[in-house]
Structures are given as structure tokens and as C-alpha cells.
Amino acid sequence: MLDLAYIREHPEEVKQAMASLYVEAPIDAILELDVRRRSLLTQVEQLKQQRNQVSKEIGKTLAPHARHTPAESGVARQASAGVRDAAEREAKKAEMRSVGDQIESFDAQVRETETELNDLMLTVPNLPDPSVPVGKDETENIVTRVVGEPQTAKDFGFEPKPHWDLGTALGIIDFERGVKVSGTRFYMLIGAGARLQRALISFMLDVHIGQGYLEVYPPYLVKRETLIGTGQLPKFAENQYFDQVDDLWMIPTAEVPVTNMYAGEILDGAKLPINHVAYTACFRREQMSAGRDTRGIKRGHQFDKVEMVKFCTPETSMAELAKLIDNAEEIARLLKIPYRIIQMVTGDLSFSAAVKYDIEMWAPGCNEWLEVSSCSNFKDFQARRANIKFKRNTQRGARAEYVHTLNGSGLALPRVMIAVLENYQQADGSIAVPEVLKPYMGGLEVIR
RNA sequence: GGAGGGAUGGCCGAGUGGCUUAAGGCGACGGUCUUGAAAACCGUUGUAGCCCUAUGGGUUACCGGGGGUUCGAAUCCCUCUCCCUCCGCCA
């Protein structure tokens with residue numbers, strides 16, 4: 001969520017930013033609601049002040065012993081001065097009743113305006129960082145680096161096969177049975193296939209733990225407000241699986257529970273940056289892209305992922321993003337798989353990101369670059385939604401500020417599996433196990 | 001799923017309709033004293049919003065969330081959530 005005060009003070013700048021994202025954002029409607037809300041607040045607060053004051057005066061005119069008898073049964077026995085007081089008191093009460101009615105009506109209008117305003121604010125995407133190149137869509141994204149040599153048939157000395165052929169022949173990926181049990185876009189990993197995925201998970205976690213990330217095992221089902229915190233809701237409800245009875249939602253990424261684990265908290269600035277790594281399954285309906293990437297295990301409704309999440313101070317978040325990318329790259333380097341880094345232009349930024357880089361691994365069988373990681377700096381956008389703050393020190397009067405949040409895949413499993421299978425395939429259709437994975441595979445050298 | 005008990009500031013903990021502007025304690029911060037420290041003593045203390053003549057002043061809301069009663073609610077009523085104790089069920 002953007003800072004409302006910032007929109008109020010820099011409306012033209014915000015509108016331009018939205019234009020560079022190729023997004024229609026209701027900035028004018030927000031500004032109008034903001035004016036209306038503040039005007040209503042001023043009026044209702046005056047009325048409340050009046051009521052508070054007069055109510056206190058009413059209390060003072062009551063004799064101390066009478067204060068606890070609401071019916072004022074003793075009125076008849078009081079002297080004439082007391083009776084006059086009582087009459088005056090009743091007049092004031094009647095007056096305050098009418099003030100109360102006005103307050104009620106104003107409060108209702110304030111609530112209505114705030115709900116409307118908040119609903120609109122939740123649909124506005126993050127502002128892009130000034131460093132992000134302006135561009136319309138993914139075709140204009142920038143390849144910033146290529147690491148390693150993408151291998152082709154010439155290098156292999158034979159025609160490299162796609163993973164669906166390799167996996168099926170080896171009996172380590174079973175597409176038919178996955179579909180039988182769960183429907184389209186599901187598959188099963190069998191034997192060395194399942195073990196290879198498990199090896200990759202353990203390997204990645206160990207590498208990231210070594211880089212200083214604290215491992216977290218989070219829930220896979222979360223509340224609606226948790227998905228609002230990271231920005232998946234309300235805009236992208238159609239991409240989520242959820243249980244209607246309990247209003248619990250299946251996580252599309254570990255980012256959701258891990259970022260929100262500090263929701264509503266004020267963190268100790270001395271403890272920042274906080275680095276977490278989590279392995280989870282992820283669930284996505286992907287109905288928007290039905291028909292795309294239908295072959296193989298590239299895009300399924302369920303996949304595993306190791307994810308890194310960072311919480312840091314505003315002034316360090318860009319440097320932390322660079323570290324995050326390097327930490328994710330380390331996996332590709334250790335696996336000795338060629339990869340490249342892509343910078344997203346404004347038009348291809350995700351809803352919550354201010355800056356975003358993708359890591360793509362080369363897959364010689366499918367003959368394409370596979371997106372295995374997205375590393376994003378969300379700045380204070382998610383922190384504002386999830387209300388995650390920090391204090392720089394314990395000094396008196398220290399102000400709580402919003403943290404900056406970042407996350408990046410410490411790689412998405414199915415696509416790394418594809419890259420491993422296709423890059424390490426041999427002429428006979430067997431797969432050499434990458435050196436760094438052998439200890440995790442019980443010393444297995446070749447999958448055949 | 002059933003029965004009972006709870007939720008108050010950074011923490012502990014009082015508070016059954018109006019001197020509550022939330023007592024008291026702890027902690028934290030500042031000061032006095034001291035060669036320095038401790039102790040003692042004095043003072044300060046949260047969050048969010050709005051308004052103004054704006055290094056300051058005013059005001060509203062916040063005692064788990066939401067609603068209600070009342071001139072007035074931490075306090076009374078309804079409801080929801082979460083936690084604790086016990087029972088049942090369960091990988």
C-alpha cells in the first residue's frame with residue numbers, strides 16, 4: 001500500500017508512475033475520498049469534544065452518593081435548588097442525546113468513506129524505483145548478465161532431449177498417474193526423481209543457512225488478511241486456492257506466511273536485517289495461463305520452492321537486494337548450470353515490487369531459458385499493508401518506521417529439476433548427478 | 001467437538017458507570033549526588049489520525065476485535081477471535 005499522505009502531496013508524480021506501469025489506478029477518486037474523510041473527521045470530532053465536556057459536567061453536578069443510582073430516585077426529597085439542578089441536568093442530557101445522534105450519523109459516513117478509500121488503496125500497485133527502466137512488457141526486459149555457456153546439440157554431440165522424454169523413459173516422472181489422481185497439471189515423481197527433488201531442497205536450504213538465513217517452517221494455509229498483507233489479495237483472488245468453510249487460503253509462495261509472521265509487530269532495529277529461508281509447497285490455480293507451458297513439469301498447480309525473505313531498514317534495502325540475488329545465484333553456480341539475470345521493466349513489475357530481477361536457467365532440451373527465481377525489493381509496500389515496523393533505538397520518543405521487505409526464490413524446484421535433467425543428460429538417456437548433490441543422493445553417481 | 005477460566009500500556013498488575021487525565025510496581029530514558037559506578041532521590045514514558053497562528057499547541061480514537069445500552073463504558077449487555085485448564089476425537 002502506498003502512503004496516502006505521499007499521494008496527497010505528490011499527486012502528479014504518482015499518476016505518472018502509474019502510467020509508466022501501464023496501470024489504471026484510481027488516484028483522483030482516492031484524493032476526493034481523502035478530502036471528504038478529513039472534512040467529516042473535523043466535524044465529528046468537534047461534536048465528540050462537546051459531548052465529552054458536557055458529560056463530565058453532568059457527572060460533577062451529581063452528589064457523590066447518587067452517582068451509582070441511574071434512576072435518581074432521591075430527586076423528590078432534594079431542596080428546590082437541587083430540583084432546579086435536576087431539571088437543568090435533564091435538559092443537558094436531552095441536548096447531548098441529539099448531539100449523540102449527529103455523531104452517530106457522522107461516524108457512519110466516516111466509516112463508509114474510509115472503507116471505500118481503503119478498498120481503492122489496496123488496488124494501487126507499488127511505485128517503481130527510479131532505477132527501473134520504463135518499458136511496456138516482458139519483451140523489453142533487460143538481460144543484465146549471462147553466466148556460463150548455454151549448451152546446444154553441438155556441445156552435447158547429440159540432440160538433447162526435453163525432460164518429459166527423459167523423465168518418462170527413466171521412470172522418474174509419471175505424468176499419467178498424476179493426472180489420474182488429481183487432474184491436469186499434476187504429476188508424480190518416482191524413485192530417483194523424488195529423491196533428486198528432496199536432495200535439491202536439502203542442498204538449497206543448507207547453502208542459504210550457510211549464507212546467514214534462519215530456516216522457518218511456516219503454515220501452508222493462511223488467513224485472508226495474510227494474503228492482503230503481501231498483496232495477493234484482493235486483486236488476485238482468482239489465482240488462489242482456498243477453503244470456503246474456514247476461509248483458509250493455500251499459500252502460493254512461502255513469501256506469504258514468512259513475510260506476515262511479523263505482521264503488526266515493531267521490530268528492534270538492532271536486529272535488522274532479519275533473513276529467513278523457508279521450504280514449502282506452493283499452490284497456484286494458474287487459470288490465467290491455462291494452455292501455456294502444458295508439457296512437462298514447468299508449470300503445475302502444486303510445486304515446491306525454497307524461498308528467502310528479508311526485513312531491513314529503508315536505506316539498506318537496495319544493497320540487500322544485490323545480496324539476495326547473489327545468494328540465489330550461488331545455487332546455479334554450485335550446480336554448474338548456465339543462467340542469466342533479467343531486469344524487469346516497469347510494465348512487467350509485479351503488483352507489490354518496486355524493483356525486480358529474475359534468474360533464468362538454461363534448459364537445452366526444451367531449448368529455453370526457465371525462470372527459476374524472482375528477487376524483489378518491495379520497499380515499505382508490504383510493510384504498510386501488514387503493519388511491520390521497527391525502531392532504530394530504545395531512546396525515549398524513538399519513532400517506529402516501516403521496514404523494507406524483500407524476497408527471492410532460492411529457486412523453484414520443478415524448473416531446477418528440468419535444468420538438472422536436461423543439462424546433465426548423457427547420450428544414453430541417463431542423468432549424471434551434479435557433484436554437489438551426490439552426498440544428498442546417498443552417493444548415487446548416475447540416474448539410469 | 002464439549003465444559004470451565006482468561007485477554008488492561010514495553011513487562012507485571014489494580015480497577016463492578018462519572019476526581020481514571022488507567023493506581024502501583026518493574027524496565028527504559030533524562031537529571032541530582034559521586035573521582036567513577038552502584039544505591040538513593042527527582043522527573044519523563046504508548047499507537048494512529050485530524051486541526052491550527054506549527055522546533056509548539058489543540059483534539060479524537062484506542063484497555064483482544066466488532067456491535068449495543070447510556071448524557072457518560074476498561075467497567076453493563078450481545079457477538080466473534082485468540083490463549084489457558086480438563087474431557088472427547090485424531091496422523
# chains A, B, ... in the order shown; residues from 1 in each chain; ligands from 1
call {"tool": "closest_atom_pairs", "arguments": {"of": "chain B", "to": "chain A", "cutoff": "10 Å", "atoms": "only C-alpha atoms (C1' of nucleotides)", "output": "tab-separated table"}}
result
residue	atom	partner	partner_atom	distance
B:G17	C1'	A:His68	CA	6.9
B:G18	C1'	A:Gly59	CA	4.8
B:C19	C1'	A:Lys60	CA	9.4
B:A28	C1'	A:Thr394	CA	7.4
B:C29	C1'	A:Arg396	CA	5.5
B:G30	C1'	A:Arg396	CA	9.2
B:U44	C1'	A:Arg396	CA	8.6
B:U45	C1'	A:Arg396	CA	7.3
B:G46	C1'	A:Gly397	CA	9.8
B:U47	C1'	A:Ala400	CA	9.6
B:G49	C1'	A:Leu41	CA	9.1
B:C50	C1'	A:Thr42	CA	6.4
B:C51	C1'	A:Thr42	CA	7.0
B:U59	C1'	A:Glu45	CA	7.2
B:U60	C1'	A:Glu45	CA	5.5
B:A61	C1'	A:Glu45	CA	9.6
B:U70	C1'	A:Pro70	CA	9.4
B:C71	C1'	A:Lys93	CA	4.3
B:G72	C1'	A:Ser55	CA	5.3
call {"tool": "residues_around", "arguments": {"residues": "segment 274-279 of chain A", "least_positions_apart": "6", "cutoff": "8 Å", "atoms": "only C-alpha atoms (C1' of nucleotides)", "output": "NGL selection string"}}
result
:A and (201 or 205 or 208-209 or 212-218 or 254 or 258 or 304-312)
call {"tool": "write_last_selection", "arguments": {"atoms": "C-alpha atoms", "output": "tab-separated table (two decimals), in the first residue's frame"}}
result
chain	number	residue	atom	x	y	z
A	201	ILE	CA	15.69	-28.98	-1.28
A	205	LEU	CA	18.44	-24.92	2.44
A	208	HIS	CA	21.23	-20.47	2.37
A	209	ILE	CA	21.57	-21.32	6.04
A	212	GLY	CA	23.09	-16.47	7.23
A	213	TYR	CA	19.41	-17.21	6.71
A	214	LEU	CA	17.36	-18.63	9.58
A	215	GLU	CA	15.21	-21.56	8.48
A	216	VAL	CA	11.44	-21.35	9.01
A	217	TYR	CA	8.75	-23.97	8.52
A	218	PRO	CA	5.52	-21.99	8.08
A	254	ALA	CA	6.38	-19.08	1.26
A	258	VAL	CA	7.07	-15.76	6.24
A	304	ASP	CA	7.94	-26.83	-4.22
A	305	LYS	CA	10.14	-23.85	-3.62
A	306	VAL	CA	12.88	-22.68	-1.29
A	307	GLU	CA	12.31	-19.01	-0.59
A	308	MET	CA	14.39	-16.30	1.06
A	309	VAL	CA	12.75	-13.35	2.84
A	310	LYS	CA	14.48	-10.26	4.22
A	311	PHE	CA	13.41	-7.48	6.56
A	312	CYS	CA	15.70	-4.45	6.67
call {"tool": "select_by_dssp", "arguments": {"residues": "segment 33-263 of chain A", "states": "helix (DSSP H, G or I)", "output": "ChimeraX atom specification"}}
result
/A:33-61,64-66,75-77,80-121,138-140,153-156,163-170,175-182,192-210,224-230,237-239,255-260
call {"tool": "write_last_selection", "arguments": {"atoms": "C-alpha atoms", "output": "short mmCIF file (atom, residue, chain, number, x, y, z; two decimals), in the first residue's frame"}}
result
data_model
loop_
_atom_site.label_atom_id
_atom_site.label_comp_id
_atom_site.auth_asym_id
_atom_site.auth_seq_id
_atom_site.Cartn_x
_atom_site.Cartn_y
_atom_site.Cartn_z
CA LEU A 33 -12.29 10.47 -0.69
CA ASP A 34 -9.33 11.71 1.33
CA VAL A 35 -10.66 15.28 1.32
CA ARG A 36 -14.13 14.06 2.26
CA ARG A 37 -12.81 11.89 5.07
CA ARG A 38 -10.81 14.70 6.68
CA SER A 39 -13.68 17.13 6.46
CA LEU A 40 -16.02 14.63 8.15
CA LEU A 41 -13.44 13.93 10.85
CA THR A 42 -13.07 17.59 11.76
CA GLN A 43 -16.82 17.93 12.16
CA VAL A 44 -17.45 14.79 14.16
CA GLU A 45 -14.50 15.40 16.46
CA GLN A 46 -15.87 18.80 17.43
CA LEU A 47 -19.16 17.17 18.37
CA LYS A 48 -17.38 14.48 20.36
CA GLN A 49 -15.38 17.06 22.25
CA GLN A 50 -18.59 18.85 23.17
CA ARG A 51 -20.21 15.63 24.36
CA ASN A 52 -17.19 14.64 26.45
CA GLN A 53 -17.12 18.04 28.13
CA VAL A 54 -20.82 18.27 28.93
CA SER A 55 -20.99 14.67 30.12
CA LYS A 56 -18.25 15.41 32.59
CA GLU A 57 -20.16 18.44 33.83
CA ILE A 58 -23.29 16.33 34.30
CA GLY A 59 -21.27 13.92 36.39
CA LYS A 60 -20.00 16.72 38.60
CA THR A 61 -23.48 18.04 39.42
CA PRO A 64 -21.20 11.57 45.08
CA HIS A 65 -23.58 9.08 46.75
CA ALA A 66 -26.11 9.43 43.94
CA VAL A 75 -34.75 13.75 43.39
CA ALA A 76 -38.12 14.36 45.10
CA ARG A 77 -36.52 14.69 48.52
CA SER A 80 -35.55 23.36 45.46
CA ALA A 81 -32.02 24.27 44.32
CA GLY A 82 -31.45 20.56 43.78
CA VAL A 83 -34.62 20.30 41.77
CA ARG A 84 -33.53 23.16 39.58
CA ASP A 85 -30.17 21.38 39.09
CA ALA A 86 -32.02 18.22 38.20
CA ALA A 87 -34.15 19.99 35.61
CA GLU A 88 -31.09 21.62 34.10
CA ARG A 89 -29.37 18.29 34.04
CA GLU A 90 -32.24 16.68 32.17
CA ALA A 91 -32.14 19.49 29.62
CA LYS A 92 -28.43 18.89 29.07
CA LYS A 93 -28.96 15.19 28.74
CA ALA A 94 -31.60 15.77 26.09
CA GLU A 95 -29.25 18.11 24.27
CA MET A 96 -26.47 15.54 24.35
CA ARG A 97 -28.84 12.87 23.11
CA SER A 98 -29.31 14.92 19.96
CA VAL A 99 -25.54 15.54 19.69
CA GLY A 100 -25.10 11.80 20.04
CA ASP A 101 -27.47 11.20 17.14
CA GLN A 102 -25.46 13.58 14.98
CA ILE A 103 -22.24 11.84 15.97
CA GLU A 104 -23.71 8.51 15.03
CA SER A 105 -24.64 9.75 11.59
CA PHE A 106 -21.21 11.35 11.03
CA ASP A 107 -19.43 8.23 12.27
CA ALA A 108 -21.35 6.13 9.78
CA GLN A 109 -20.27 8.45 6.97
CA VAL A 110 -16.64 8.37 8.14
CA ARG A 111 -16.70 4.57 8.23
CA GLU A 112 -18.22 4.36 4.80
CA THR A 113 -15.69 6.81 3.36
CA GLU A 114 -12.75 5.03 4.98
CA THR A 115 -13.87 1.63 3.74
CA GLU A 116 -14.22 2.97 0.23
CA LEU A 117 -10.85 4.71 0.44
CA ASN A 118 -9.10 1.65 1.84
CA ASP A 119 -10.58 -0.63 -0.81
CA LEU A 120 -9.21 1.63 -3.51
CA MET A 121 -5.80 1.97 -1.82
CA GLU A 138 8.39 -8.56 -20.83
CA THR A 139 9.71 -8.20 -24.38
CA GLU A 140 11.54 -5.06 -23.22
CA ALA A 153 23.40 -30.08 -29.64
CA LYS A 154 26.89 -29.25 -30.90
CA ASP A 155 28.30 -29.20 -27.37
CA PHE A 156 26.49 -32.38 -26.38
CA HIS A 163 12.86 -33.51 -19.57
CA TRP A 164 9.43 -35.04 -20.21
CA ASP A 165 11.01 -37.59 -22.51
CA LEU A 166 14.00 -38.17 -20.23
CA GLY A 167 11.89 -38.42 -17.08
CA THR A 168 9.31 -40.72 -18.58
CA ALA A 169 11.92 -43.05 -20.07
CA LEU A 170 13.77 -43.27 -16.75
CA PHE A 175 2.55 -37.73 -15.78
CA GLU A 176 -0.37 -40.12 -16.40
CA ARG A 177 -0.75 -41.19 -12.80
CA GLY A 178 -0.51 -37.61 -11.55
CA VAL A 179 -3.35 -36.65 -13.86
CA LYS A 180 -5.35 -39.75 -12.86
CA VAL A 181 -5.19 -38.81 -9.19
CA SER A 182 -5.51 -35.01 -9.38
CA ALA A 192 15.38 -41.17 -8.06
CA GLY A 193 13.14 -38.35 -9.33
CA ALA A 194 11.55 -37.84 -5.92
CA ARG A 195 14.91 -38.24 -4.28
CA LEU A 196 16.56 -35.73 -6.62
CA GLN A 197 13.97 -33.13 -5.65
CA ARG A 198 14.49 -33.87 -1.96
CA ALA A 199 18.26 -33.61 -2.46
CA LEU A 200 17.87 -30.21 -4.13
CA ILE A 201 15.69 -28.98 -1.28
CA SER A 202 18.18 -30.01 1.39
CA PHE A 203 21.11 -28.69 -0.64
CA MET A 204 19.49 -25.28 -1.17
CA LEU A 205 18.44 -24.92 2.44
CA ASP A 206 21.93 -25.80 3.63
CA VAL A 207 23.54 -23.28 1.27
CA HIS A 208 21.23 -20.47 2.37
CA ILE A 209 21.57 -21.32 6.04
CA GLY A 210 25.32 -21.04 5.47
CA ARG A 224 -7.39 -13.89 4.15
CA GLU A 225 -5.70 -10.89 5.82
CA THR A 226 -2.34 -12.61 5.48
CA LEU A 227 -2.72 -12.66 1.71
CA ILE A 228 -3.73 -9.00 1.80
CA GLY A 229 -0.52 -8.23 3.71
CA THR A 230 1.75 -9.36 0.90
CA ALA A 237 -8.19 -13.90 -5.72
CA GLU A 238 -8.79 -15.94 -8.87
CA ASN A 239 -5.23 -17.31 -8.71
CA GLU A 255 6.71 -15.31 0.96
CA VAL A 256 3.14 -15.02 2.25
CA PRO A 257 3.41 -16.69 5.68
CA VAL A 258 7.07 -15.76 6.24
CA THR A 259 6.65 -12.03 5.50
CA ASN A 260 3.46 -11.88 7.55
#
call {"tool": "atom_distance", "arguments": {"atom1": "atom CA of Asp380 of chain A", "atom2": "atom CA of His10 of chain A"}}
result
17.3 Å
call {"tool": "atom_distance", "arguments": {"atom1": "atom CA of Ala19 of chain A", "atom2": "atom CA of Leu321 of chain A"}}
result
25.1 Å
call {"tool": "closest_residue", "arguments": {"among": "A:Lys391, A:Arg8, A:Lys336, A:Arg295", "to": "Arg185 of chain A", "atoms": "only C-alpha atoms"}}
result
A:Arg295
